Amino acid sequence: MLLGSAASVPSYSQKSPQSLLILNAQIADGTGAPLYPGNVRTLGGRIVAIGKLAPEPGESTLDARGLVLAPGFIDIHNHSEQTLPKDLAAETQVSQGITTLIVGADGESPWPLASWFHQMQDHPAAVNVGSFAGHATIRQQAMGNDFKRAATPQEIRVMEERTRQEMNAGALGLSSGLEYEVGSYAATEEVVAIAKIAAVSGGVYMTHIRDEADKSFEALQEEIAIGERAHIPVEHSHIKLGTVNVQGKAAEYIQIIESARKRGVDFLADCYPYDAWHSNLKVVVPDKQYENPKSVSAALESYGGGSHITITEFSPNKTYAGHTIAELAKANSLSETDMYIRLIREGDAAHTEALIIGQSMIESDIKAFYQQPWVMVASDGGVNSEHPRGAGTFPRVLGLYVREKHWLTLPEAIRKMTSLPAQRLGWKDRGVIRIGAFADLVLFDPATVIDRSTFADPAALSTGIEKVFVNGVMVWDSGKPTGARPGTLIGSKGAILGLAGKTGAAELPHNALSGGVL
Ligand SMILES: [Zn+2]
């Protein structure tokens, strides 16, 4: 396997009929600087000129009057590892302006990553892709199904070796999902040990922390400690305060992060623009006493009751889908607690569990997080998501939080979608409009851009994203995918992963369908 250097940069003076000149755009360059009018020329997959440019004879031109030209959006937390290979056009992704999506979040990644990369190289997608190495995936490689305990020193050595292997294959860092089944049994020590391995290779520690509910503050402290002890940059996944007891405490939460940042912890976070999360039924009960009425009742209370939890998918009884636990309890003449326990038992009997949407975040917290300069936009969605964030995240921020609510300026929102995630990943030539950068570009109408996906119709496409280019090739044109598949594989420091030889198909994480998407 070869880790190639970045693609060759064409000579900037070279002009040919293959070049494209985008005229009369308002440029949001990704740095947060004010918009400015200008023309942009692309050639050979790169931006080669910016300014007052006139078309060359025979050159293709595109009049972008009234539109904003921004760098393509980089979605650092995307769950398309299984679904993108089956939908390479990725319509729900490119239609929101995503040009690069990063998989392997929440502790789960394809195993081994090299095989998944080969698969994506053999069948490229419309978008660029990169991946983290998942802690839970690596943990199971070391412990098998005997993971409900702390790892032995010998097992941690094995995890370190596997982490090194995945970093060498091109992983962007280590992801964890310490609130989920496999990751939750890991001691802090274990995570520090393997995060150190990722750090040596220039990786990032991206984490779904141990608790996003009543113990959110303790979980944040653990995350910061891991970052400090492993000397690794931290990406806090989908920052939220997800239960009644911690709602409204964003200022306090932010304060802890600010002081860590002042001490030198390289801490960034991402946030999706919704007040509801999507996960599995068991995540609701933090002490794992799923059939203990006391534990269950306290857990449901912490989310504001069973009316805040909606079943989206339950294979043993499909009629439950679309109903809240409160509704199902009433229909079955049970208490909410007993209904929850019944769902657990029916699920266990069928070796599955319900997928749920929990509505438990409040707008003032979401707003406070989005207004921090160290918080970026990410979807936590992906191709075929059951949550509307899978198709709506980026247009929703631009339409709702920028245009309607004025929480953010347009240049700042664009920065949070482009150069900030690129900075987190250590990429210098994406996420920005400047000469020499890759021509991952989005043209959108700031007056109309908005999401249309809902919980009832999560794949409804957004409006207002007019054209999307990946490596200089148009993949989205006025409401339709073009069919082009110019996506590349991107690794640490933005290197294009060049792969030699072949291995078998990647195994997908065994619990990928039920875990890892809160
Ligand atoms: Zn998560």
# chains A, B, ... in the order shown; residues from 1 in each chain; ligands from 1
>>> closest_atom_pairs(of="chain A", to="ligand 1", cutoff="9 Å", atoms="only C-alpha atoms and all ligand atoms", output="JSON lines")
{"residue": "A:His77", "atom": "CA", "partner": "ligand 1", "partner_atom_place_in_ligand_line": "1 (Zn)", "distance": 8.4}
{"residue": "A:Ala105", "atom": "CA", "partner": "ligand 1", "partner_atom_place_in_ligand_line": "1 (Zn)", "distance": 7.0}
{"residue": "A:Asp106", "atom": "CA", "partner": "ligand 1", "partner_atom_place_in_ligand_line": "1 (Zn)", "distance": 4.9}
{"residue": "A:Gly107", "atom": "CA", "partner": "ligand 1", "partner_atom_place_in_ligand_line": "1 (Zn)", "distance": 8.5}
{"residue": "A:Ser176", "atom": "CA", "partner": "ligand 1", "partner_atom_place_in_ligand_line": "1 (Zn)", "distance": 8.7}
{"residue": "A:Gly177", "atom": "CA", "partner": "ligand 1", "partner_atom_place_in_ligand_line": "1 (Zn)", "distance": 6.5}
{"residue": "A:Glu179", "atom": "CA", "partner": "ligand 1", "partner_atom_place_in_ligand_line": "1 (Zn)", "distance": 8.5}
{"residue": "A:Tyr180", "atom": "CA", "partner": "ligand 1", "partner_atom_place_in_ligand_line": "1 (Zn)", "distance": 8.8}
{"residue": "A:Thr207", "atom": "CA", "partner": "ligand 1", "partner_atom_place_in_ligand_line": "1 (Zn)", "distance": 7.7}
{"residue": "A:His208", "atom": "CA", "partner": "ligand 1", "partner_atom_place_in_ligand_line": "1 (Zn)", "distance": 4.8}
{"residue": "A:Ile209", "atom": "CA", "partner": "ligand 1", "partner_atom_place_in_ligand_line": "1 (Zn)", "distance": 8.1}
{"residue": "A:Ser237", "atom": "CA", "partner": "ligand 1", "partner_atom_place_in_ligand_line": "1 (Zn)", "distance": 6.3}
{"residue": "A:His238", "atom": "CA", "partner": "ligand 1", "partner_atom_place_in_ligand_line": "1 (Zn)", "distance": 6.6}
{"residue": "A:His278", "atom": "CA", "partner": "ligand 1", "partner_atom_place_in_ligand_line": "1 (Zn)", "distance": 8.9}
{"residue": "A:Ser279", "atom": "CA", "partner": "ligand 1", "partner_atom_place_in_ligand_line": "1 (Zn)", "distance": 8.3}
{"residue": "A:Asp380", "atom": "CA", "partner": "ligand 1", "partner_atom_place_in_ligand_line": "1 (Zn)", "distance": 6.9}
{"residue": "A:Gly515", "atom": "CA", "partner": "ligand 1", "partner_atom_place_in_ligand_line": "1 (Zn)", "distance": 8.4}
{"residue": "A:Gly516", "atom": "CA", "partner": "ligand 1", "partner_atom_place_in_ligand_line": "1 (Zn)", "distance": 5.0}
{"residue": "A:Val517", "atom": "CA", "partner": "ligand 1", "partner_atom_place_in_ligand_line": "1 (Zn)", "distance": 4.4}
{"residue": "A:Leu518", "atom": "CA", "partner": "ligand 1", "partner_atom_place_in_ligand_line": "1 (Zn)", "distance": 4.3}
>>> residues_around(residues="range 303-306 of chain A", least_positions_apart="2", cutoff="10 Å", atoms="only C-alpha atoms", output="PyMOL selection string")
chain A and resi 213-214+242-245+284+297-301+308-310+324-329+335-337+339-340+358-361
>>> write_last_selection(atoms="C-alpha atoms", output="mmCIF file, in the first residue's frame")
data_model
loop_
_atom_site.group_PDB
_atom_site.id
_atom_site.type_symbol
_atom_site.label_atom_id
_atom_site.label_comp_id
_atom_site.auth_asym_id
_atom_site.auth_seq_id
_atom_site.Cartn_x
_atom_site.Cartn_y
_atom_site.Cartn_z
ATOM 1 C CA ALA A 213 -27.159 13.031 29.400
ATOM 2 C CA ASP A 214 -27.050 13.590 33.168
ATOM 3 C CA GLY A 242 -29.343 15.803 26.057
ATOM 4 C CA THR A 243 -31.400 15.453 29.227
ATOM 5 C CA VAL A 244 -33.689 17.634 31.326
ATOM 6 C CA ASN A 245 -31.141 17.852 34.165
ATOM 7 C CA VAL A 284 -31.673 5.596 27.049
ATOM 8 C CA SER A 297 -38.447 5.085 34.979
ATOM 9 C CA ALA A 298 -35.653 7.489 36.031
ATOM 10 C CA ALA A 299 -34.131 7.296 32.550
ATOM 11 C CA LEU A 300 -37.408 8.078 30.770
ATOM 12 C CA GLU A 301 -37.971 10.975 33.190
ATOM 13 C CA HIS A 308 -40.021 12.468 23.802
ATOM 14 C CA ILE A 309 -38.935 9.112 22.390
ATOM 15 C CA THR A 310 -40.254 7.902 19.018
ATOM 16 C CA THR A 324 -43.736 7.381 20.836
ATOM 17 C CA ILE A 325 -43.231 5.178 23.879
ATOM 18 C CA ALA A 326 -46.045 7.166 25.524
ATOM 19 C CA GLU A 327 -48.425 6.344 22.651
ATOM 20 C CA LEU A 328 -47.493 2.665 22.639
ATOM 21 C CA ALA A 329 -47.907 2.484 26.420
ATOM 22 C CA SER A 335 -47.057 2.278 32.070
ATOM 23 C CA GLU A 336 -44.314 3.900 29.974
ATOM 24 C CA THR A 337 -41.750 1.993 32.032
ATOM 25 C CA MET A 339 -43.764 -0.496 27.674
ATOM 26 C CA TYR A 340 -40.031 0.223 27.517
ATOM 27 C CA GLY A 358 -35.229 11.331 21.143
ATOM 28 C CA GLN A 359 -36.318 14.931 21.344
ATOM 29 C CA SER A 360 -34.413 16.351 24.274
ATOM 30 C CA MET A 361 -32.150 19.252 23.327
#
>>> atom_distance(atom1="CA of Gly479 in chain A", atom2="CA of Gly97 in chain A")
11.5 Å
>>> residues_around(residues="Val377 in chain A", least_positions_apart="5", cutoff="7 Å", atoms="only C-alpha atoms", output="JSON, numbers by chain")
{"A": [270, 271, 272, 416, 417]}
>>> write_last_selection(atoms="N, CA and C atoms", output="compact mmCIF listing (two decimals), in the first residue's frame")
# COMPACT_ATOMS: atom_id res chain seq x y z
N ASP A 270 -18.20 19.61 16.88
CA ASP A 270 -19.19 19.80 15.81
C ASP A 270 -20.58 19.65 16.39
N CYS A 271 -21.56 20.14 15.64
CA CYS A 271 -22.93 20.21 16.14
C CYS A 271 -23.88 20.05 14.97
N TYR A 272 -24.91 19.26 15.13
CA TYR A 272 -25.93 19.19 14.07
C TYR A 272 -27.12 20.06 14.45
N LYS A 416 -17.45 27.38 9.18
CA LYS A 416 -17.74 26.21 10.01
C LYS A 416 -18.01 24.95 9.18
N MET A 417 -18.26 25.13 7.88
CA MET A 417 -18.55 24.00 7.00
C MET A 417 -17.33 23.62 6.14
>>> residues_around(residues="Ile465 in chain A", least_positions_apart="3", cutoff="12 Å", atoms="only C-alpha atoms", output="ChimeraX atom specification")
/A:67-70,72-73,91-98,392,394-396,398-399,441-451,461-462,468-469,475-481
>>> residues_around(residues="Lys318 in chain A", least_positions_apart="5", cutoff="12 Å", atoms="only C-alpha atoms", output="PyMOL selection string")
chain A and resi 311-313+323+343+346-347+353-355
>>> write_last_selection(atoms="all heavy atoms", output="PDB file, in the first residue's frame")
ATOM      1  N   ILE A 311     -40.201   5.597  18.256  1.00  0.00           N
ATOM      2  CA  ILE A 311     -39.607   4.429  17.591  1.00  0.00           C
ATOM      3  C   ILE A 311     -39.571   4.714  16.083  1.00  0.00           C
ATOM      4  O   ILE A 311     -40.590   5.109  15.494  1.00  0.00           O
ATOM      5  CB  ILE A 311     -40.467   3.163  17.816  1.00  0.00           C
ATOM      6  CG1 ILE A 311     -40.834   2.982  19.295  1.00  0.00           C
ATOM      7  CG2 ILE A 311     -39.781   1.927  17.241  1.00  0.00           C
ATOM      8  CD1 ILE A 311     -39.690   2.765  20.230  1.00  0.00           C
ATOM      9  N   THR A 312     -38.396   4.528  15.469  1.00  0.00           N
ATOM     10  CA  THR A 312     -38.328   4.714  14.012  1.00  0.00           C
ATOM     11  C   THR A 312     -38.251   3.381  13.286  1.00  0.00           C
ATOM     12  O   THR A 312     -38.612   3.290  12.123  1.00  0.00           O
ATOM     13  CB  THR A 312     -37.101   5.556  13.600  1.00  0.00           C
ATOM     14  OG1 THR A 312     -35.921   4.865  14.003  1.00  0.00           O
ATOM     15  CG2 THR A 312     -37.149   6.926  14.230  1.00  0.00           C
ATOM     16  N   GLU A 313     -37.745   2.355  13.977  1.00  0.00           N
ATOM     17  CA  GLU A 313     -37.596   1.060  13.307  1.00  0.00           C
ATOM     18  C   GLU A 313     -37.546  -0.026  14.369  1.00  0.00           C
ATOM     19  O   GLU A 313     -36.822   0.086  15.360  1.00  0.00           O
ATOM     20  CB  GLU A 313     -36.288   1.064  12.515  1.00  0.00           C
ATOM     21  CG  GLU A 313     -36.193  -0.044  11.486  1.00  0.00           C
ATOM     22  CD  GLU A 313     -34.865   0.021  10.736  1.00  0.00           C
ATOM     23  OE1 GLU A 313     -34.475   1.131  10.322  1.00  0.00           O
ATOM     24  OE2 GLU A 313     -34.226  -1.032  10.599  1.00  0.00           O
ATOM     25  N   HIS A 323     -44.366   5.733  16.326  1.00  0.00           N
ATOM     26  CA  HIS A 323     -45.075   6.041  17.576  1.00  0.00           C
ATOM     27  C   HIS A 323     -44.116   6.300  18.726  1.00  0.00           C
ATOM     28  O   HIS A 323     -43.036   5.721  18.790  1.00  0.00           O
ATOM     29  CB  HIS A 323     -46.017   4.893  17.938  1.00  0.00           C
ATOM     30  CG  HIS A 323     -47.106   4.695  16.933  1.00  0.00           C
ATOM     31  ND1 HIS A 323     -48.181   5.543  16.824  1.00  0.00           N
ATOM     32  CD2 HIS A 323     -47.253   3.767  15.960  1.00  0.00           C
ATOM     33  CE1 HIS A 323     -48.956   5.132  15.836  1.00  0.00           C
ATOM     34  NE2 HIS A 323     -48.418   4.073  15.276  1.00  0.00           N
ATOM     35  N   LEU A 343     -40.506  -3.547  25.070  1.00  0.00           N
ATOM     36  CA  LEU A 343     -39.745  -3.337  23.832  1.00  0.00           C
ATOM     37  C   LEU A 343     -38.365  -3.998  23.928  1.00  0.00           C
ATOM     38  O   LEU A 343     -37.875  -4.585  22.953  1.00  0.00           O
ATOM     39  CB  LEU A 343     -39.582  -1.833  23.562  1.00  0.00           C
ATOM     40  CG  LEU A 343     -40.814  -1.107  23.029  1.00  0.00           C
ATOM     41  CD1 LEU A 343     -40.665   0.405  23.219  1.00  0.00           C
ATOM     42  CD2 LEU A 343     -41.023  -1.422  21.557  1.00  0.00           C
ATOM     43  N   GLU A 346     -38.929  -7.873  23.706  1.00  0.00           N
ATOM     44  CA  GLU A 346     -39.270  -8.301  22.333  1.00  0.00           C
ATOM     45  C   GLU A 346     -38.047  -8.171  21.430  1.00  0.00           C
ATOM     46  O   GLU A 346     -37.821  -9.004  20.554  1.00  0.00           O
ATOM     47  CB  GLU A 346     -40.425  -7.447  21.778  1.00  0.00           C
ATOM     48  CG  GLU A 346     -41.762  -7.774  22.432  1.00  0.00           C
ATOM     49  CD  GLU A 346     -42.912  -6.917  21.885  1.00  0.00           C
ATOM     50  OE1 GLU A 346     -42.715  -6.199  20.877  1.00  0.00           O
ATOM     51  OE2 GLU A 346     -43.997  -6.967  22.483  1.00  0.00           O
ATOM     52  N   GLY A 347     -37.270  -7.129  21.655  1.00  0.00           N
ATOM     53  CA  GLY A 347     -36.061  -6.926  20.856  1.00  0.00           C
ATOM     54  C   GLY A 347     -35.020  -7.998  21.141  1.00  0.00           C
ATOM     55  O   GLY A 347     -34.456  -8.596  20.225  1.00  0.00           O
ATOM     56  N   GLU A 353     -32.748  -4.498  18.403  1.00  0.00           N
ATOM     57  CA  GLU A 353     -33.370  -3.521  19.287  1.00  0.00           C
ATOM     58  C   GLU A 353     -33.942  -2.386  18.456  1.00  0.00           C
ATOM     59  O   GLU A 353     -33.603  -2.228  17.282  1.00  0.00           O
ATOM     60  CB  GLU A 353     -32.408  -3.006  20.353  1.00  0.00           C
ATOM     61  CG  GLU A 353     -31.225  -2.256  19.839  1.00  0.00           C
ATOM     62  CD  GLU A 353     -30.335  -1.737  20.970  1.00  0.00           C
ATOM     63  OE1 GLU A 353     -30.839  -1.021  21.841  1.00  0.00           O
ATOM     64  OE2 GLU A 353     -29.135  -2.026  20.953  1.00  0.00           O
ATOM     65  N   ALA A 354     -34.819  -1.651  19.089  1.00  0.00           N
ATOM     66  CA  ALA A 354     -35.503  -0.579  18.370  1.00  0.00           C
ATOM     67  C   ALA A 354     -34.555   0.579  18.105  1.00  0.00           C
ATOM     68  O   ALA A 354     -33.695   0.895  18.929  1.00  0.00           O
ATOM     69  CB  ALA A 354     -36.702  -0.100  19.188  1.00  0.00           C
ATOM     70  N   LEU A 355     -34.721   1.207  16.950  1.00  0.00           N
ATOM     71  CA  LEU A 355     -34.059   2.485  16.703  1.00  0.00           C
ATOM     72  C   LEU A 355     -35.043   3.585  17.091  1.00  0.00           C
ATOM     73  O   LEU A 355     -36.250   3.457  16.871  1.00  0.00           O
ATOM     74  CB  LEU A 355     -33.667   2.628  15.230  1.00  0.00           C
ATOM     75  CG  LEU A 355     -32.636   1.614  14.720  1.00  0.00           C
ATOM     76  CD1 LEU A 355     -32.290   1.910  13.260  1.00  0.00           C
ATOM     77  CD2 LEU A 355     -31.378   1.645  15.572  1.00  0.00           C
TER      78      LEU A 355
END
>>> atom_distance(atom1="CA of Gly45 in chain A", atom2="CA of Met206 in chain A")
29.3 Å
>>> closest_residue(among="A:Pro124, A:Gly183, A:Gly322, A:Gly472", to="Ala151 in chain A", atoms="only C-alpha atoms")
A:Gly183
>>> residues_around(residues="Asn145 in chain A", least_positions_apart="4", cutoff="12 Å", atoms="only C-alpha atoms", output="list of chain:residue names")
A:Ala136, A:Thr137, A:Arg139, A:Gln140, A:Gln141, A:Arg149, A:Glu181, A:Val182, A:His510, A:Asn511
>>> write_last_selection(atoms="N, CA and C atoms", output="short mmCIF file (atom, residue, chain, number, x, y, z; two decimals), in the first residue's frame")
data_model
loop_
_atom_site.label_atom_id
_atom_site.label_comp_id
_atom_site.auth_asym_id
_atom_site.auth_seq_id
_atom_site.Cartn_x
_atom_site.Cartn_y
_atom_site.Cartn_z
N ALA A 136 -14.11 1.01 19.03
CA ALA A 136 -14.90 -0.19 19.32
C ALA A 136 -14.55 -1.31 18.34
N THR A 137 -14.35 -0.94 17.10
CA THR A 137 -13.98 -1.93 16.08
C THR A 137 -12.64 -2.57 16.44
N ARG A 139 -11.26 -2.60 19.42
CA ARG A 139 -11.42 -3.29 20.71
C ARG A 139 -11.94 -4.72 20.48
N GLN A 140 -12.88 -4.85 19.54
CA GLN A 140 -13.40 -6.19 19.27
C GLN A 140 -12.39 -7.05 18.54
N GLN A 141 -11.50 -6.42 17.78
CA GLN A 141 -10.44 -7.22 17.16
C GLN A 141 -9.54 -7.82 18.23
N ARG A 149 -15.81 -5.87 29.84
CA ARG A 149 -14.88 -5.75 30.96
C ARG A 149 -13.73 -4.86 30.51
N GLU A 181 -22.25 0.26 23.52
CA GLU A 181 -22.02 -1.04 24.14
C GLU A 181 -20.54 -1.43 24.22
N VAL A 182 -19.85 -1.50 23.10
CA VAL A 182 -18.48 -2.04 23.14
C VAL A 182 -17.51 -1.05 23.80
N HIS A 510 -20.01 -5.14 13.31
CA HIS A 510 -21.15 -6.04 13.52
C HIS A 510 -22.36 -5.29 14.03
N ASN A 511 -22.14 -4.24 14.78
CA ASN A 511 -23.28 -3.53 15.37
C ASN A 511 -23.51 -2.18 14.69
#
>>> residues_around(residues="Gln18 in chain A", least_positions_apart="2", cutoff="10 Å", atoms="only C-alpha atoms", output="PyMOL selection string")
chain A and resi 15-16+20-21+42-44+58-60
>>> write_last_selection(atoms="C-alpha atoms", output="PDB file, in the first residue's frame")
ATOM      1  CA  LYS A  15      -5.090  27.553 -20.168  1.00  0.00           C
ATOM      2  CA  SER A  16      -7.011  25.105 -22.239  1.00  0.00           C
ATOM      3  CA  LEU A  20     -13.890  26.491 -16.426  1.00  0.00           C
ATOM      4  CA  LEU A  21     -14.441  30.131 -15.559  1.00  0.00           C
ATOM      5  CA  THR A  42     -10.578  25.905 -12.342  1.00  0.00           C
ATOM      6  CA  LEU A  43      -8.316  23.568 -14.256  1.00  0.00           C
ATOM      7  CA  GLY A  44      -7.097  20.039 -13.651  1.00  0.00           C
ATOM      8  CA  GLY A  58     -13.116  28.475 -26.221  1.00  0.00           C
ATOM      9  CA  GLU A  59     -13.185  28.362 -22.424  1.00  0.00           C
ATOM     10  CA  SER A  60     -16.318  27.094 -20.653  1.00  0.00           C
TER      11      SER A  60
END
>>> closest_atom_pairs(of="range 226-295 of chain A", to="range 419-437 of chain A", cutoff="8 Å", atoms="only C-alpha atoms", output="tab-separated table")
residue	atom	partner	partner_atom	distance
A:Pro233	CA	A:Arg424	CA	7.9
A:Glu235	CA	A:Arg424	CA	7.5
A:Leu268	CA	A:Arg424	CA	7.4
>>> atom_distance(atom1="CA of Ser385 in chain A", atom2="CA of Asp275 in chain A")
16.2 Å
>>> closest_residue(among="A:Val473, A:Val48, A:Leu497, A:Val200", to="Ala126 in chain A", atoms="only C-alpha atoms")
A:Val473
>>> decode(residues="range 118-127 of chain A", atoms="all heavy atoms", output="PDB file, in the first residue's frame")
ATOM      1  N   HIS A 118      -9.936   0.285  -0.664  1.00  0.00           N
ATOM      2  CA  HIS A 118      -9.821  -0.360  -1.980  1.00  0.00           C
ATOM      3  C   HIS A 118     -11.162  -0.373  -2.697  1.00  0.00           C
ATOM      4  O   HIS A 118     -11.255  -0.098  -3.896  1.00  0.00           O
ATOM      5  CB  HIS A 118      -9.323  -1.801  -1.829  1.00  0.00           C
ATOM      6  CG  HIS A 118      -7.843  -1.903  -1.785  1.00  0.00           C
ATOM      7  ND1 HIS A 118      -7.050  -1.714  -2.888  1.00  0.00           N
ATOM      8  CD2 HIS A 118      -6.999  -2.144  -0.753  1.00  0.00           C
ATOM      9  CE1 HIS A 118      -5.779  -1.839  -2.552  1.00  0.00           C
ATOM     10  NE2 HIS A 118      -5.719  -2.101  -1.254  1.00  0.00           N
ATOM     11  N   GLN A 119     -12.195  -0.710  -1.936  1.00  0.00           N
ATOM     12  CA  GLN A 119     -13.545  -0.764  -2.513  1.00  0.00           C
ATOM     13  C   GLN A 119     -13.929   0.611  -3.074  1.00  0.00           C
ATOM     14  O   GLN A 119     -14.450   0.724  -4.182  1.00  0.00           O
ATOM     15  CB  GLN A 119     -14.504  -1.185  -1.404  1.00  0.00           C
ATOM     16  CG  GLN A 119     -15.917  -1.419  -1.843  1.00  0.00           C
ATOM     17  CD  GLN A 119     -16.822  -1.732  -0.647  1.00  0.00           C
ATOM     18  OE1 GLN A 119     -16.363  -2.043   0.452  1.00  0.00           O
ATOM     19  NE2 GLN A 119     -18.117  -1.637  -0.854  1.00  0.00           N
ATOM     20  N   MET A 120     -13.637   1.663  -2.308  1.00  0.00           N
ATOM     21  CA  MET A 120     -14.004   3.008  -2.759  1.00  0.00           C
ATOM     22  C   MET A 120     -13.102   3.467  -3.913  1.00  0.00           C
ATOM     23  O   MET A 120     -13.508   4.275  -4.729  1.00  0.00           O
ATOM     24  CB  MET A 120     -13.923   4.016  -1.606  1.00  0.00           C
ATOM     25  CG  MET A 120     -14.947   3.799  -0.502  1.00  0.00           C
ATOM     26  SD  MET A 120     -16.660   3.582  -1.078  1.00  0.00           S
ATOM     27  CE  MET A 120     -16.955   5.122  -1.955  1.00  0.00           C
ATOM     28  N   GLN A 121     -11.889   2.938  -3.942  1.00  0.00           N
ATOM     29  CA  GLN A 121     -11.015   3.303  -5.051  1.00  0.00           C
ATOM     30  C   GLN A 121     -11.457   2.604  -6.338  1.00  0.00           C
ATOM     31  O   GLN A 121     -11.447   3.196  -7.413  1.00  0.00           O
ATOM     32  CB  GLN A 121      -9.572   2.919  -4.741  1.00  0.00           C
ATOM     33  CG  GLN A 121      -8.607   3.485  -5.768  1.00  0.00           C
ATOM     34  CD  GLN A 121      -7.196   3.006  -5.541  1.00  0.00           C
ATOM     35  OE1 GLN A 121      -6.967   1.856  -5.141  1.00  0.00           O
ATOM     36  NE2 GLN A 121      -6.247   3.880  -5.778  1.00  0.00           N
ATOM     37  N   ASP A 122     -11.885   1.367  -6.209  1.00  0.00           N
ATOM     38  CA  ASP A 122     -12.360   0.625  -7.386  1.00  0.00           C
ATOM     39  C   ASP A 122     -13.678   1.181  -7.900  1.00  0.00           C
ATOM     40  O   ASP A 122     -13.972   1.119  -9.089  1.00  0.00           O
ATOM     41  CB  ASP A 122     -12.545  -0.858  -7.041  1.00  0.00           C
ATOM     42  CG  ASP A 122     -11.215  -1.580  -6.880  1.00  0.00           C
ATOM     43  OD1 ASP A 122     -10.189  -0.990  -7.246  1.00  0.00           O
ATOM     44  OD2 ASP A 122     -11.209  -2.715  -6.373  1.00  0.00           O
ATOM     45  N   HIS A 123     -14.487   1.704  -6.990  1.00  0.00           N
ATOM     46  CA  HIS A 123     -15.800   2.251  -7.359  1.00  0.00           C
ATOM     47  C   HIS A 123     -15.938   3.627  -6.725  1.00  0.00           C
ATOM     48  O   HIS A 123     -16.613   3.782  -5.707  1.00  0.00           O
ATOM     49  CB  HIS A 123     -16.916   1.322  -6.860  1.00  0.00           C
ATOM     50  CG  HIS A 123     -16.775  -0.072  -7.359  1.00  0.00           C
ATOM     51  ND1 HIS A 123     -17.148  -0.449  -8.636  1.00  0.00           N
ATOM     52  CD2 HIS A 123     -16.279  -1.179  -6.774  1.00  0.00           C
ATOM     53  CE1 HIS A 123     -16.884  -1.732  -8.794  1.00  0.00           C
ATOM     54  NE2 HIS A 123     -16.356  -2.197  -7.686  1.00  0.00           N
ATOM     55  N   PRO A 124     -15.305   4.629  -7.320  1.00  0.00           N
ATOM     56  CA  PRO A 124     -15.294   5.954  -6.691  1.00  0.00           C
ATOM     57  C   PRO A 124     -16.698   6.550  -6.600  1.00  0.00           C
ATOM     58  O   PRO A 124     -17.575   6.251  -7.411  1.00  0.00           O
ATOM     59  CB  PRO A 124     -14.417   6.793  -7.622  1.00  0.00           C
ATOM     60  CG  PRO A 124     -13.688   5.818  -8.483  1.00  0.00           C
ATOM     61  CD  PRO A 124     -14.554   4.606  -8.577  1.00  0.00           C
ATOM     62  N   ALA A 125     -16.889   7.389  -5.619  1.00  0.00           N
ATOM     63  CA  ALA A 125     -18.167   8.065  -5.415  1.00  0.00           C
ATOM     64  C   ALA A 125     -18.104   9.469  -5.999  1.00  0.00           C
ATOM     65  O   ALA A 125     -17.059   9.937  -6.457  1.00  0.00           O
ATOM     66  CB  ALA A 125     -18.479   8.125  -3.920  1.00  0.00           C
ATOM     67  N   ALA A 126     -19.256  10.144  -5.959  1.00  0.00           N
ATOM     68  CA  ALA A 126     -19.299  11.537  -6.398  1.00  0.00           C
ATOM     69  C   ALA A 126     -18.514  12.435  -5.438  1.00  0.00           C
ATOM     70  O   ALA A 126     -18.038  13.495  -5.825  1.00  0.00           O
ATOM     71  CB  ALA A 126     -20.751  12.007  -6.494  1.00  0.00           C
ATOM     72  N   VAL A 127     -18.408  12.007  -4.186  1.00  0.00           N
ATOM     73  CA  VAL A 127     -17.743  12.814  -3.151  1.00  0.00           C
ATOM     74  C   VAL A 127     -16.395  12.208  -2.771  1.00  0.00           C
ATOM     75  O   VAL A 127     -16.163  11.015  -2.946  1.00  0.00           O
ATOM     76  CB  VAL A 127     -18.619  12.893  -1.871  1.00  0.00           C
ATOM     77  CG1 VAL A 127     -19.850  13.728  -2.120  1.00  0.00           C
ATOM     78  CG2 VAL A 127     -18.999  11.493  -1.381  1.00  0.00           C
TER      79      VAL A 127
END
